[in-house]
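Here is the file run-v7.cif (mmCIF, C-alpha atoms).
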```
data_final
#
loop_
_atom_site.label_atom_id
_atom_site.label_comp_id
_atom_site.auth_asym_id
_atom_site.auth_seq_id
_atom_site.Cartn_x
_atom_site.Cartn_y
_atom_site.Cartn_z
CA MET F 185 0.02 -21.35 -22.27
CA ASN F 186 -1.28 -17.84 -21.59
CA ILE F 187 -0.81 -18.18 -17.84
CA PHE F 188 2.76 -19.41 -18.39
CA VAL F 189 3.54 -16.34 -20.49
CA GLU F 190 1.96 -14.08 -17.87
CA PHE F 191 3.99 -15.79 -15.14
CA CYS F 192 7.19 -15.11 -17.07
CA LEU F 193 6.23 -11.46 -17.52
CA VAL F 194 5.42 -11.10 -13.83
CA SER F 195 8.76 -12.69 -12.92
CA CYS F 196 10.55 -10.16 -15.11
CA LYS F 197 8.62 -7.30 -13.50
CA VAL F 198 9.52 -8.55 -10.03
CA LEU F 199 13.20 -8.76 -10.95
CA TRP F 200 12.99 -5.26 -12.41
CA THR F 201 11.63 -3.91 -9.11
CA PHE F 202 14.75 -5.30 -7.40
CA VAL F 203 16.89 -3.49 -9.95
CA LEU F 204 15.03 -0.22 -9.35
CA ALA F 205 15.28 -0.65 -5.57
CA GLY F 206 19.03 -1.25 -5.86
CA THR F 207 19.37 1.81 -8.06
CA ARG F 208 17.83 3.98 -5.34
CA TRP F 209 20.70 2.94 -3.06
CA LEU F 210 23.31 3.95 -5.63
CA VAL F 211 21.68 6.99 -7.24
CA ARG F 212 19.66 9.24 -4.96
CA PRO F 213 16.28 10.01 -6.59
CA LYS F 214 15.41 13.63 -7.25
CA GLU F 215 13.10 15.15 -4.65
CA LYS F 216 9.79 16.52 -5.88
CA ASN F 217 8.85 20.15 -5.42
CA VAL F 218 6.09 20.79 -2.85
CA MET F 219 6.22 24.60 -2.96
CA GLY F 220 2.70 25.96 -2.92
CA GLN F 221 1.16 22.60 -2.07
CA VAL F 222 -1.19 22.27 0.90
CA CYS F 223 -0.23 19.88 3.69
CA VAL F 224 -2.40 18.79 6.65
CA ILE F 225 -0.48 17.50 9.68
CA THR F 226 -2.27 15.92 12.62
CA GLY F 227 -0.61 16.07 16.03
CA ALA F 228 1.34 19.13 14.91
CA GLY F 229 1.66 20.71 18.35
CA SER F 230 4.77 18.83 19.38
CA GLY F 231 7.19 16.02 18.61
CA LEU F 232 7.44 14.71 15.06
CA GLY F 233 4.40 16.69 13.92
CA ARG F 234 6.10 19.98 14.78
CA HIS F 235 9.25 18.97 12.88
CA PHE F 236 7.19 17.88 9.85
CA ALA F 237 5.54 21.31 9.85
CA LYS F 238 8.92 23.06 9.91
CA GLU F 239 10.34 20.89 7.13
CA PHE F 240 7.38 21.46 4.81
CA ALA F 241 7.48 25.18 5.60
CA ARG F 242 11.16 25.32 4.58
CA ARG F 243 10.08 23.92 1.22
CA GLY F 244 7.43 26.58 0.69
CA ALA F 245 4.35 24.47 1.37
CA THR F 246 1.20 25.80 3.01
CA VAL F 247 0.84 23.92 6.29
CA ILE F 248 -2.40 23.19 8.12
CA LEU F 249 -1.79 22.26 11.73
CA TRP F 250 -4.19 20.05 13.68
CA ASP F 251 -3.76 19.40 17.38
CA ILE F 252 -5.82 18.93 20.52
CA ASN F 253 -3.69 21.49 22.38
CA TRP F 254 -4.33 25.01 21.09
CA GLU F 255 -1.34 26.61 22.82
CA SER F 256 1.27 24.15 21.55
CA ASN F 257 -0.29 24.25 18.09
CA GLU F 258 0.08 28.04 18.01
CA GLU F 259 3.71 27.66 19.10
CA THR F 260 4.32 25.45 16.08
CA ALA F 261 2.54 27.97 13.86
CA GLU F 262 4.80 30.75 15.13
CA MET F 263 7.86 28.65 14.29
CA VAL F 264 6.49 28.15 10.79
CA ARG F 265 5.94 31.90 10.36
CA GLN F 266 9.54 32.55 11.40
CA ILE F 267 10.73 30.08 8.75
CA TYR F 268 8.63 31.82 6.10
CA ASN F 269 10.09 35.17 7.14
CA GLU F 270 13.68 33.91 7.25
CA ASP F 271 13.33 32.38 3.80
CA HIS F 272 11.61 35.57 2.53
CA LEU F 273 8.42 33.69 1.73
CA PRO F 274 5.09 35.53 1.92
CA CYS F 275 3.22 34.50 5.05
CA SER F 276 -0.25 35.17 6.38
CA THR F 277 -3.06 33.43 8.20
CA GLY F 278 -5.86 34.38 5.83
CA SER F 279 -7.67 32.21 3.31
CA VAL F 280 -5.92 31.09 0.13
CA ASP F 281 -6.87 33.13 -2.92
CA GLY F 282 -6.46 32.22 -6.55
CA GLU F 283 -7.85 29.57 -8.85
CA GLU F 284 -8.48 26.23 -7.18
CA GLY F 285 -5.74 23.71 -7.93
CA ASP F 286 -3.35 26.31 -9.43
CA VAL F 287 -0.42 25.96 -7.02
CA SER F 288 1.51 28.73 -8.80
CA GLN F 289 -0.92 31.27 -7.33
CA ILE F 290 -0.94 29.86 -3.80
CA GLN F 291 1.27 31.71 -1.31
CA PRO F 292 2.69 29.67 1.59
CA GLN F 293 0.60 30.20 4.68
CA VAL F 294 -0.02 28.55 8.03
CA TYR F 295 -3.41 27.62 9.49
CA THR F 296 -4.19 26.17 12.91
CA TYR F 297 -7.21 24.08 13.88
CA LEU F 298 -8.19 22.62 17.23
CA CYS F 299 -9.23 19.01 16.63
CA ASP F 300 -9.46 15.81 18.65
CA VAL F 301 -8.86 13.20 15.95
CA SER F 302 -10.32 10.46 18.14
CA LYS F 303 -13.76 12.01 17.59
CA ARG F 304 -15.11 11.15 14.16
CA GLU F 305 -17.57 14.01 13.80
CA GLU F 306 -14.96 16.53 14.94
CA VAL F 307 -12.58 15.29 12.24
CA TYR F 308 -15.26 15.59 9.56
CA LEU F 309 -16.29 19.08 10.68
CA THR F 310 -12.69 20.30 10.84
CA ALA F 311 -11.89 18.79 7.43
CA ASP F 312 -14.94 20.48 5.93
CA LYS F 313 -13.81 23.78 7.46
CA VAL F 314 -10.32 23.31 5.96
CA GLN F 315 -11.75 22.67 2.50
CA ARG F 316 -13.96 25.75 2.74
CA GLU F 317 -11.32 28.10 4.12
CA VAL F 318 -8.17 26.80 2.40
CA GLY F 319 -9.21 24.54 -0.47
CA ASN F 320 -8.09 21.11 -1.60
CA ILE F 321 -5.16 19.52 0.15
CA ASP F 322 -2.24 17.78 -1.54
CA ILE F 323 -0.51 16.01 1.34
CA LEU F 324 -2.02 14.32 4.39
CA ILE F 325 0.30 13.46 7.28
CA ASN F 326 -1.45 11.14 9.75
CA ASN F 327 0.93 11.71 12.64
CA ALA F 328 -1.13 12.10 15.83
CA GLY F 329 -0.41 9.41 18.41
CA VAL F 330 -0.80 8.62 22.11
CA VAL F 331 0.30 5.89 24.52
CA SER F 332 -1.49 4.93 27.73
CA GLY F 333 1.72 4.00 29.57
CA ARG F 334 0.05 1.33 31.70
CA HIS F 335 0.05 -2.45 31.85
CA LEU F 336 -2.97 -3.92 30.09
CA LEU F 337 -4.68 -5.23 33.23
CA GLU F 338 -4.13 -1.93 35.05
CA CYS F 339 -5.27 0.31 32.22
CA PRO F 340 -8.80 1.77 32.24
CA ASP F 341 -10.88 0.75 29.25
CA GLU F 342 -11.28 4.39 28.27
CA LEU F 343 -7.51 4.80 27.81
CA LEU F 344 -7.30 1.60 25.76
CA GLU F 345 -10.09 2.84 23.51
CA ARG F 346 -8.46 6.25 23.15
CA THR F 347 -5.16 4.70 22.04
CA MET F 348 -6.96 2.78 19.30
CA MET F 349 -9.05 5.79 18.27
CA VAL F 350 -6.14 8.24 17.98
CA ASN F 351 -3.47 5.90 16.60
CA CYS F 352 -5.63 3.90 14.20
CA HIS F 353 -9.29 4.87 13.76
CA ALA F 354 -8.43 8.53 13.17
CA HIS F 355 -6.72 7.46 9.93
CA PHE F 356 -10.08 6.18 8.71
CA TRP F 357 -11.76 9.51 9.36
CA THR F 358 -9.06 11.75 7.82
CA THR F 359 -8.84 9.48 4.78
CA LYS F 360 -12.60 9.51 4.23
CA ALA F 361 -12.58 13.29 4.61
CA PHE F 362 -9.74 14.18 2.23
CA VAL F 363 -9.12 11.28 -0.17
CA PRO F 364 -12.31 11.62 -2.31
CA LYS F 365 -10.96 14.86 -3.82
CA MET F 366 -7.55 13.24 -4.30
CA LEU F 367 -9.26 10.43 -6.20
CA GLU F 368 -11.16 12.92 -8.36
CA LEU F 369 -7.93 14.75 -9.27
CA ASN F 370 -5.72 11.64 -9.20
CA HIS F 371 -3.24 13.67 -7.20
CA GLY F 372 -2.05 13.62 -3.60
CA HIS F 373 0.20 11.99 -1.04
CA ILE F 374 -0.84 10.15 2.13
CA VAL F 375 1.74 9.61 4.86
CA THR F 376 1.17 7.26 7.79
CA VAL F 377 3.48 7.84 10.74
CA ALA F 378 3.40 4.46 12.46
CA SER F 379 6.17 2.84 14.52
CA SER F 380 8.59 -0.06 14.57
CA LEU F 381 6.21 -1.42 17.22
CA GLY F 382 3.71 -1.84 14.40
CA LEU F 383 6.09 -4.32 12.76
CA PHE F 384 7.19 -6.25 15.85
CA THR F 385 6.16 -6.13 19.48
CA THR F 386 7.32 -6.15 23.08
CA ALA F 387 5.70 -6.59 26.47
CA GLY F 388 3.76 -3.94 28.33
CA VAL F 389 2.41 -1.88 25.42
CA GLU F 390 -0.29 -4.15 24.03
CA ASP F 391 -2.68 -1.31 23.20
CA TYR F 392 -0.01 0.77 21.45
CA CYS F 393 1.28 -2.16 19.40
CA ALA F 394 -2.25 -3.16 18.41
CA SER F 395 -3.03 0.38 17.27
CA LYS F 396 0.16 0.67 15.20
CA PHE F 397 -0.33 -2.78 13.64
CA GLY F 398 -3.82 -1.60 12.71
CA ALA F 399 -2.52 1.65 11.22
CA ILE F 400 0.03 -0.23 9.10
CA GLY F 401 -2.60 -2.73 7.94
CA PHE F 402 -4.93 0.11 6.99
CA HIS F 403 -2.13 1.91 5.13
CA GLU F 404 -1.11 -1.17 3.15
CA SER F 405 -4.69 -2.08 2.25
CA LEU F 406 -5.38 1.50 1.10
CA SER F 407 -2.20 1.39 -1.00
CA HIS F 408 -3.45 -1.76 -2.76
CA GLU F 409 -6.89 -0.19 -3.28
CA LEU F 410 -5.35 2.85 -4.98
CA LYS F 411 -3.27 0.58 -7.21
CA ALA F 412 -6.34 -1.51 -8.07
CA ALA F 413 -8.19 1.70 -8.99
CA GLU F 414 -5.20 2.75 -11.15
CA LYS F 415 -4.83 6.00 -9.22
CA ASP F 416 -1.07 6.20 -9.69
CA GLY F 417 -1.10 9.95 -9.07
CA ILE F 418 -1.79 9.37 -5.36
CA LYS F 419 1.36 8.34 -3.51
CA MET F 420 1.62 6.54 -0.15
CA THR F 421 4.50 6.56 2.34
CA LEU F 422 4.67 4.51 5.53
CA VAL F 423 7.04 5.82 8.23
CA CYS F 424 8.16 3.32 10.89
CA PRO F 425 10.70 4.86 13.28
CA PHE F 426 12.43 3.16 16.18
CA LEU F 427 12.05 4.82 19.58
CA VAL F 428 12.27 8.59 19.16
CA ASP F 429 13.91 10.76 21.81
CA THR F 430 10.74 12.47 23.03
CA ASP F 431 8.75 12.23 26.27
CA MET F 432 6.45 9.62 24.74
CA PHE F 433 8.55 6.60 25.82
CA LYS F 434 10.79 8.26 28.37
CA GLY F 435 12.63 5.68 30.48
CA CYS F 436 12.53 2.83 27.95
CA LYS F 437 15.77 0.83 28.19
CA ILE F 438 17.40 -2.20 26.63
CA ARG F 439 20.49 -4.07 27.84
CA LYS F 440 23.15 -1.49 28.71
CA GLU F 441 25.89 -3.25 26.72
CA ILE F 442 23.65 -3.20 23.62
CA ALA F 443 22.09 0.25 24.14
CA PRO F 444 24.86 2.20 22.29
CA LEU F 445 24.03 0.22 19.14
CA PHE F 446 20.34 1.24 19.30
CA PRO F 447 20.25 4.84 20.57
CA PRO F 448 16.91 6.69 20.55
CA LEU F 449 16.39 8.66 17.36
CA LYS F 450 16.61 12.42 17.45
CA PRO F 451 13.25 13.83 16.25
CA GLU F 452 15.00 16.08 13.70
CA GLN F 453 16.93 13.15 12.24
CA CYS F 454 13.84 10.95 12.08
CA VAL F 455 11.79 13.60 10.25
CA GLN F 456 14.60 14.47 7.84
CA GLN F 457 14.86 10.83 6.77
CA ALA F 458 11.08 10.61 6.50
CA MET F 459 11.03 13.78 4.36
CA ARG F 460 13.52 12.27 1.92
CA ALA F 461 11.24 9.25 1.59
CA ILE F 462 8.13 11.39 1.10
CA LEU F 463 9.72 13.71 -1.46
CA THR F 464 11.04 10.77 -3.50
CA ASP F 465 7.72 8.86 -3.30
CA GLN F 466 9.33 6.01 -1.36
CA PRO F 467 6.59 3.59 -0.21
CA MET F 468 8.14 2.81 3.17
CA ILE F 469 10.92 4.06 5.43
CA CYS F 470 12.22 2.37 8.60
CA THR F 471 14.66 4.26 10.80
CA PRO F 472 17.29 3.19 11.55
CA ARG F 473 17.76 0.82 8.60
CA ILE F 474 18.49 -2.14 10.87
CA MET F 475 14.75 -2.18 11.61
CA TYR F 476 14.25 -3.73 8.15
CA MET F 477 16.39 -6.67 9.28
CA VAL F 478 14.59 -7.00 12.60
CA SER F 479 11.23 -7.06 10.83
CA PHE F 480 12.47 -9.65 8.32
CA MET F 481 13.89 -11.90 11.05
CA LYS F 482 10.55 -11.86 12.83
CA THR F 483 8.90 -13.38 9.75
CA VAL F 484 11.41 -16.23 9.29
CA LEU F 485 12.51 -17.19 12.82
CA PRO F 486 10.53 -19.48 15.15
CA PHE F 487 8.78 -17.64 17.97
CA ASP F 488 10.97 -19.25 20.64
CA ALA F 489 14.07 -18.03 18.79
CA ILE F 490 12.67 -14.49 18.83
CA VAL F 491 12.05 -14.78 22.59
CA CYS F 492 15.67 -15.84 23.11
CA MET F 493 16.91 -12.85 21.12
CA TYR F 494 14.60 -10.48 23.01
CA GLN F 495 15.94 -11.76 26.33
CA PHE F 496 19.54 -11.40 25.15
CA LEU F 497 18.95 -7.80 23.99
CA GLY F 498 16.88 -6.90 27.03
CA ALA F 499 14.01 -6.05 24.69
CA ASP F 500 11.56 -8.38 26.42
CA LYS F 501 11.13 -5.97 29.34
CA CYS F 502 12.45 -2.77 27.77
CA MET F 503 9.17 -0.96 28.39
CA TYR F 504 8.97 -1.78 32.10
CA PRO F 505 11.14 1.19 33.22
CA PHE F 506 8.99 3.45 31.05
CA LEU F 507 5.80 2.07 32.60
CA ALA F 508 7.23 2.49 36.09
CA HIS F 509 8.25 6.06 35.28
CA ARG F 510 4.76 6.89 33.98
CA LYS F 511 3.14 5.33 37.05
CA GLU F 512 5.40 7.33 39.35
CA SER F 513 4.64 10.53 37.45
CA MET F 514 0.90 9.92 37.68
CA ASN F 515 1.15 9.21 41.42
CA ASN F 516 3.10 12.44 41.93
CA ASN F 517 0.53 14.41 39.97
CA GLU F 518 -2.30 12.91 41.99
CA SER F 519 -0.53 13.77 45.26
CA LYS F 520 -0.40 17.41 44.21
CA LEU F 521 -4.17 17.62 43.75
CA PRO F 522 -6.15 19.39 46.49
CA ALA F 523 -7.38 17.01 49.17
CA ILE F 524 -11.02 17.72 48.30
CA MET F 525 -10.39 16.42 44.75
CA GLN F 526 -8.99 13.14 46.09
CA LEU F 527 -12.06 12.30 48.17
CA PRO F 528 -14.25 9.54 46.69
CA LEU F 529 -17.60 10.63 45.37
CA GLU F 530 -20.66 9.59 47.31
CA LYS F 531 -22.82 6.95 45.67
CA LYS F 532 -26.37 8.06 45.14
#
```

Could I get this structure in the form of structure tokens?
Amino acid sequence: MNIFVEFCLVSCKVLWTFVLAGTRWLVRPKEKNVMGQVCVITGAGSGLGRHFAKEFARRGATVILWDINWESNEETAEMVRQIYNEDHLPCSTGSVDGEEGDVSQIQPQVYTYLCDVSKREEVYLTADKVQREVGNIDILINNAGVVSGRHLLECPDELLERTMMVNCHAHFWTTKAFVPKMLELNHGHIVTVASSLGLFTTAGVEDYCASKFGAIGFHESLSHELKAAEKDGIKMTLVCPFLVDTDMFKGCKIRKEIAPLFPPLKPEQCVQQAMRAILTDQPMICTPRIMYMVSFMKTVLPFDAIVCMYQFLGADKCMYPFLAHRKESMNNNESKLPAIMQLPLEKK
């Protein structure tokens, strides 16, 4: 009898979640205020990471920029400083003063750190440095990502490992570094920037798809763990964009008659939609929205039906032009190297 009553209650709760989800479509939720909060962004030197930094800066947050490229990271930091100045927000690069956890006393600032997130110890050391120099963080944006751009059988093992380390394993290290304090305070927000290729796949990017599937699995499991621990003050948002108009997948093409229906996303548009999801504590955002349908169809259609649809859309080999472009670029770069650097090393 008890289990029947519980089943009825659960059914009502499930129906209520549908009502709440429908309400979000009709009435736009109010965005939370992140002014004075501290946000760590990995891969902040370019692409989506740079746009995330600018968006959080516009909202008065202190941004902490991690990237493997010092020069591009500093370029992002300079853009953030300009935003602070334009919006008449105090800006500096010193340490945050004031009582720990009192965001009203924290002035928006920008910090840059050189960090290769594929290296576990480097992540831990950099995170420890952030906590000593800045303090506790409120928002963690796991954004850093790479792609090998080679067919699986032609790709060196080192590049395959690096794709997994940067796109997936790095989330383990940043989470272990920053989440313990979030758990202690029951406050924070973790954002995983994954990809639509973590929901469904295509040929030629096995390592990238595997890494993004892993990142999504990690994100969802961590979300359930936080719920099980009743840490409702820590929010999670999963961002799954379609192909973004950056150099990462330059040359990727689908069938030309279909291409106008699925144009590459502008980085600014992608981040703006992701920001709305983050600031309204939305658990997941796919851009464009049709990606929800594509993901759903993958779960209900037979595999052969999916193959037929891929072939019709030209999605089965959409990455091949990108792979060919990357291979050509690498060959051109190698041809520009001095002749002495192209000679094989002698075996000892």

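Of the listed residues F:Pro505, F:Val264, F:Asp322, F:Ser302, the one whose atoms come nearest to Glu342 of chain F is F:Ser302, with distances taken using all atoms listed in the file.
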
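The list of residues with at least one atom within 12 Å of Glu390 of chain F, based on all atoms listed in the file and without residues fewer than 2 positions apart in the same chain, reads Val331, Ser332, Gly333, Arg334, His335, Leu336, Leu337, Glu338, Cys339, Leu344, Thr347, Met348, Leu381, Gly382, Phe384, Thr385, Thr386, Ala387, Gly388, Tyr392, Cys393, Ala394, Ser395, Lys396, Phe397 and Met503 of chain F.
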
* **Pairwise distance for atom CA of Arg208 of chain F and atom CA of Ile462 of chain F, rounded to one decimal in Å** => 13.8 Å

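For the file at hand, the PyMOL selection byres ((chain F and resi 418) around 8) resolves to F:Met366, F:Leu367, F:Asn370, F:His371, F:Gly372, F:His373, F:Ile374, F:Leu410, F:Lys415, F:Asp416, F:Gly417, F:Lys419, F:Met420.
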
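Nearest to Leu249 of chain F of all the residues F:Thr430, F:Ser407, F:Gln456, F:Thr310 is F:Thr310, based on all atoms listed in the file.
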
* For the file shown, what are the residues hit by the PyMOL selection byres ((chain F and resi 354) around 12), laid out as a ChimeraX atom specification? -> /F:226-227,299-308,325-330,345-353,355-361,376,395-396,398-399,402

* Asked: Rounded to one decimal in Å, what is the spacing between atom CA of Ala245 of chain F and atom CA of Asn269 of chain F?
  -> 13.4 Å

* To do: Extract, using all atoms listed in the file, all DNA, RNA and protein residues at most 12 Å from Glu215 of chain F, discarding same-chain residues fewer than 4 positions from it, and format them as a ChimeraX atom specification.
  => /F:219,243,459-466

* Taking the file above as input, evaluate the PyMOL selection byres ((chain F and resi 478) around 12) and report the hits as a list in words. => Ser380, Leu381, Leu383, Phe384, Thr385, Phe426, Cys470, Thr471, Pro472, Arg473, Ile474, Met475, Tyr476, Met477, Ser479, Phe480, Met481, Lys482, Thr483, Val484, Leu485, Ile490, Met493 and Tyr494 of chain F

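Taking atom CA of Ile321 of chain F and atom CA of Lys365 of chain F as the two end points, the separation is 8.4 Å.
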
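The list of residues with at least one atom within 12 Å of Ala205 of chain F, based on only C-alpha atoms and without residues fewer than 6 positions apart in the same chain, reads Val198, Leu199, Val211, Arg212, Pro213, Gln466, Pro467 and Met468 of chain F.
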
* Pick out the closest residue to Lys450 of chain F from this set: F:Cys502, F:Leu343, F:Glu239, F:Leu427. Count all atoms listed in the file. => F:Leu427

* Can you work out which one of F:Ala412, F:Val389, F:Val222, F:Ile267 has the shortest atom-to-atom distance to Val318 of chain F, counting all atoms listed in the file? => F:Val222

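Each of F:Met263, F:Val224, F:Ala378, F:Leu406 was checked against Lys238 of chain F using all atoms listed in the file; the smallest atom-to-atom distance is that of F:Met263.
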